[in-house]
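This report concerns only the one structure given below.
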Amino acid sequence: MFYWADGALLPDGYRAINRIYRDLQAGIERPIALRLLNLNYVMQQAVAQLRSPRPMVLLSGFRTPQTNRRVGGVEPSTHFTGEADDFIFAGLSIQDNFRLARLFQVGGLGLYPDRGSLHKDLGAPRTWIEYGRSGVAPRREH
């Protein structure tokens, strides 16, 4: 799916991506930050070069505050503004996913080993590891 070509945004592709990133529980979508999409593209290209082409599995994109509370997310959240996603590159270990994400970290980067996923956002630079499945599990900031 293409959202950018020849130096211009492709409206149909961008709308399709916003639909994919929507809050599934609330059925609401919002524009996703182009910086986040560009970061995903660069990361995916790196994975293809270093390993082999594989999909980035999106686990969560935009969230409403209600959905965020339901899933145990912190507030305020960059998920509210379309500037965050929870993801994993299929076929890579959680450790390899984290190492890759650290190479491209521009904002927040969270590792959820028990869930087998990562969070990245365009907010203030910070890194954390959270163990446990509930949103109130111990968090270790680095």
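Following the order of the structure tokens, first chain is A, next is B, and so on, with residues numbered from 1 inside each chain and ligands from 1 in the order they appear.
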
Might you pull out every residue within 10 Å of range 2-11 of chain A, with only C-alpha atoms counted and same-chain residues fewer than 3 positions away left off, and present them as a tab-separated table (two decimals) with N, CA, C and O atoms, in the first residue's frame?
```tsv
chain	number	residue	atom	x	y	z
A	14	TYR	N	-3.18	6.88	1.72
A	14	TYR	CA	-3.13	7.40	3.09
A	14	TYR	C	-4.42	7.10	3.84
A	14	TYR	O	-4.39	6.67	5.00
A	15	ARG	N	-5.55	7.26	3.17
A	15	ARG	CA	-6.84	6.92	3.81
A	15	ARG	C	-6.89	5.44	4.17
A	15	ARG	O	-7.39	5.07	5.24
A	16	ALA	N	-6.38	4.60	3.29
A	16	ALA	CA	-6.39	3.16	3.56
A	16	ALA	C	-5.53	2.83	4.79
A	16	ALA	O	-5.92	2.00	5.62
A	17	ILE	N	-4.39	3.48	4.90
A	17	ILE	CA	-3.53	3.25	6.07
A	17	ILE	C	-4.21	3.75	7.34
A	17	ILE	O	-4.18	3.09	8.38
A	34	LEU	N	2.61	11.23	9.48
A	34	LEU	CA	3.46	10.78	8.37
A	34	LEU	C	4.85	10.40	8.86
A	34	LEU	O	5.46	9.47	8.33
A	37	LEU	N	4.67	6.80	9.86
A	37	LEU	CA	4.61	5.93	8.69
A	37	LEU	C	5.96	5.86	7.99
A	37	LEU	O	6.38	4.79	7.54
A	38	ASN	N	6.64	7.00	7.90
A	38	ASN	CA	7.97	7.02	7.28
A	38	ASN	C	8.96	6.19	8.09
A	38	ASN	O	9.79	5.47	7.53
```

Close residues, range 70-87 of chain A itself excluded, 9 Å, only C-alpha atoms, min 3 positions apart in chain, as a PyMOL selection string: chain A and resi 18+21+30-36+56-67+108+110+117-123+134-136

Point-to-point distance from CA of Gln49 in chain A to CA of Gly107 in chain A, Å rounded to tenths: 23.5 Å

Arg54 in chain A surroundings by only C-alpha atoms, 7 Å radius, close-in-sequence under 5 positions cut, as a list in words: Ala48, Phe89 and Ala90 of chain A

Picked from range 18-57 of chain A by DSSP as helix (DSSP H, G or I), as an MDAnalysis selection string: chainID A and resid 18:20 34:50

With C-alpha atoms kept, could you save the residues just selected as a compact mmCIF listing (two decimals), in the first residue's frame?
```
# COMPACT_ATOMS: atom_id res chain seq x y z
CA ASN A 18 -5.57 5.42 8.45
CA ARG A 19 -8.31 2.79 8.23
CA ILE A 20 -5.85 0.04 9.13
CA LEU A 34 3.46 10.78 8.37
CA ARG A 35 6.66 10.71 10.45
CA LEU A 36 5.47 7.46 12.05
CA LEU A 37 4.61 5.93 8.69
CA ASN A 38 7.97 7.02 7.28
CA LEU A 39 9.72 5.48 10.29
CA ASN A 40 7.86 2.21 9.67
CA TYR A 41 8.96 2.27 6.03
CA VAL A 42 12.63 2.81 6.91
CA MET A 43 12.53 0.08 9.54
CA GLN A 44 10.91 -2.34 7.11
CA GLN A 45 13.58 -1.61 4.51
CA ALA A 46 16.29 -2.30 7.11
CA VAL A 47 14.71 -5.62 8.04
CA ALA A 48 14.57 -6.60 4.36
CA GLN A 49 18.26 -5.76 3.92
CA LEU A 50 19.51 -7.32 7.14
```

Polymer residues at most 9 Å from Arg115 in chain A, only C-alpha atoms, same-chain spacing of 3 or more positions, as a PyMOL selection string: chain A and resi 111-112+118+131-133

Å distance separating CA of Asp96 in chain A from CA of Arg126 in chain A, one decimal place: 18.8 Å

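Across the model, the gap from CA of Leu92 in chain A to CA of Ile129 in chain A is 18.1 Å.
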
Expected answer as a count of residues only: strand (DSSP E) residues in range 32-90 of chain A: 11
